[in-house]
Amino acid sequence: MADLRTTYMGLELKNPFIVSSSGLTDSVEKVIKAEQAGAGAVILKSLFEEDIANAAQKDGSLDTYATHPEAMEYITHLGMLQHPDAYLELVEQSVKAVNIPVIASLNCYSDEWWLDYAQRIEKMGAHGLELNIALVPVSVKNSTEDVEKQIISIVKKAVKAVNIPVSVKIGSSFSSLPEITNKIRRAGASAIVLFNRFYRPDIDIEKIEFKNGNPLSSEDEYGVVLRWTGILSDLIDCDFSATTGIHTAESAIKLILAGANTVQICSVLYKHGISFLTEMIQQTEEWMDRKEFVKISDFFSLLSMDDDEERKYYQRLQYVKALKGLK
């Protein structure tokens, strides 16, 4: 019988399948259902700093202090500290309700609030913390170096503030992914999540106005994750969690072969229901039995970049190499 047990961020998981941060993990009831479906761990829905800030600013009490900057700053600060209470309760109750690791998720953009939320979440018993970092440069004055410095600053301060393991979820739009992931690791992150699937804006050409794009991934999106998992897992000494486009047991297995310690599942569960996770896990066990793999470590990273002798798969960007002998 296949043994799917593995470790991620130093945490013991019964299998590498994680329900990723989403509406699938925004209540204790849903977290319980994820465990019942077989999840090895859950990432709770993200706590967004911008939502908390907006809630504080909409509080009518702020109007009273509009002419007193110092007082308004104090009240805004107080609101920022109070509005996460529901999320903190979600963390605490989820940890009590299930026997799998519960990892909280923070989506913030300033150093100050990362620290406060991280510390309070740790006190609620979270087993780990995933930093969902999404900085979008919108000015020619925002240099690559500035963006990366801000990311690393956030990671360093969050890691220093808590004693639980910290993972960092990033997008793929960096000039050098090996460099930024190496910096994130050196800043203290225990794991890196590849990749963040950002909000997709769209435009209605009939109404001439903005509209929401498709929030769900498609299966063909996992190729980018596969490439970089295979490359980075051999270059950077930390755990990797693959996410985006993982819709079948087959794609999950491919990513583990490339070097992913865990896979995070979301869109396919929206499409087919949380019970589909059970099918993915069973199909992975059946594949392992068929291939006579007893445990995950028997095939983990078998096809990472170091096993691609000529670098002809992970480094190839076109169907024909532009330069002979390029390795």
# chains A, B, ... in the order shown; residues from 1 in each chain; ligands from 1
>>> residues_around(residues="segment 160-175 of chain A", least_positions_apart="3", cutoff="8 Å", atoms="only C-alpha atoms", output="PyMOL selection string")
chain A and resi 9-10+115+118-119+122+126-134+155-157+180+184+188-198
>>> residues_around(residues="Ile274 of chain A", least_positions_apart="5", cutoff="8 Å", atoms="only C-alpha atoms", output="PDB file with N, CA, C and O atoms, in the first residue's frame")
ATOM      1  N   LYS A  33     -14.400  19.804   6.109  1.00  0.00           N
ATOM      2  CA  LYS A  33     -14.703  19.044   4.889  1.00  0.00           C
ATOM      3  C   LYS A  33     -13.424  18.737   4.108  1.00  0.00           C
ATOM      4  O   LYS A  33     -13.300  17.660   3.510  1.00  0.00           O
ATOM      5  N   ALA A  34     -12.486  19.682   4.102  1.00  0.00           N
ATOM      6  CA  ALA A  34     -11.214  19.449   3.411  1.00  0.00           C
ATOM      7  C   ALA A  34     -10.459  18.298   4.063  1.00  0.00           C
ATOM      8  O   ALA A  34      -9.900  17.428   3.377  1.00  0.00           O
ATOM      9  N   ALA A  37     -12.069  15.038   3.156  1.00  0.00           N
ATOM     10  CA  ALA A  37     -11.788  14.653   1.770  1.00  0.00           C
ATOM     11  C   ALA A  37     -10.373  14.113   1.608  1.00  0.00           C
ATOM     12  O   ALA A  37     -10.016  13.608   0.537  1.00  0.00           O
ATOM     13  N   LEU A 269     -11.382  21.960  -7.515  1.00  0.00           N
ATOM     14  CA  LEU A 269     -12.321  21.644  -6.438  1.00  0.00           C
ATOM     15  C   LEU A 269     -13.554  22.536  -6.509  1.00  0.00           C
ATOM     16  O   LEU A 269     -14.647  22.125  -6.106  1.00  0.00           O
TER      17      LEU A 269
END
>>> select_by_dssp(residues="segment 120-259 of chain A", states="alpha helix (DSSP H)", output="MDAnalysis selection string")
chainID A and resid 120:123 144:161 177:186 222:235 249:258
>>> atom_distance(atom1="atom CA of Ile253 of chain A", atom2="atom CA of Thr284 of chain A")
7.0 Å
>>> closest_residue(among="A:Arg290, A:Arg227, A:Lys271, A:Arg186", to="Gln315 of chain A", atoms="only C-alpha atoms")
A:Arg227
>>> residues_around(residues="Leu277 of chain A", least_positions_apart="4", cutoff="12 Å", atoms="only C-alpha atoms", output="PyMOL selection string")
chain A and resi 15-20+33-40+246-249+252+263-273+281-284
>>> closest_residue(among="A:Leu235, A:Ile296, A:Val91, A:Cys108", to="Glu179 of chain A", atoms="only C-alpha atoms")
A:Leu235
>>> atom_distance(atom1="atom CA of Ser139 of chain A", atom2="atom CA of Pro201 of chain A")
18.6 Å
>>> atom_distance(atom1="atom CA of Leu4 of chain A", atom2="atom CA of Arg185 of chain A")
26.0 Å
>>> select_by_dssp(residues="segment 123-323 of chain A", states="strand (DSSP E or B)", output="count of residues only")
32
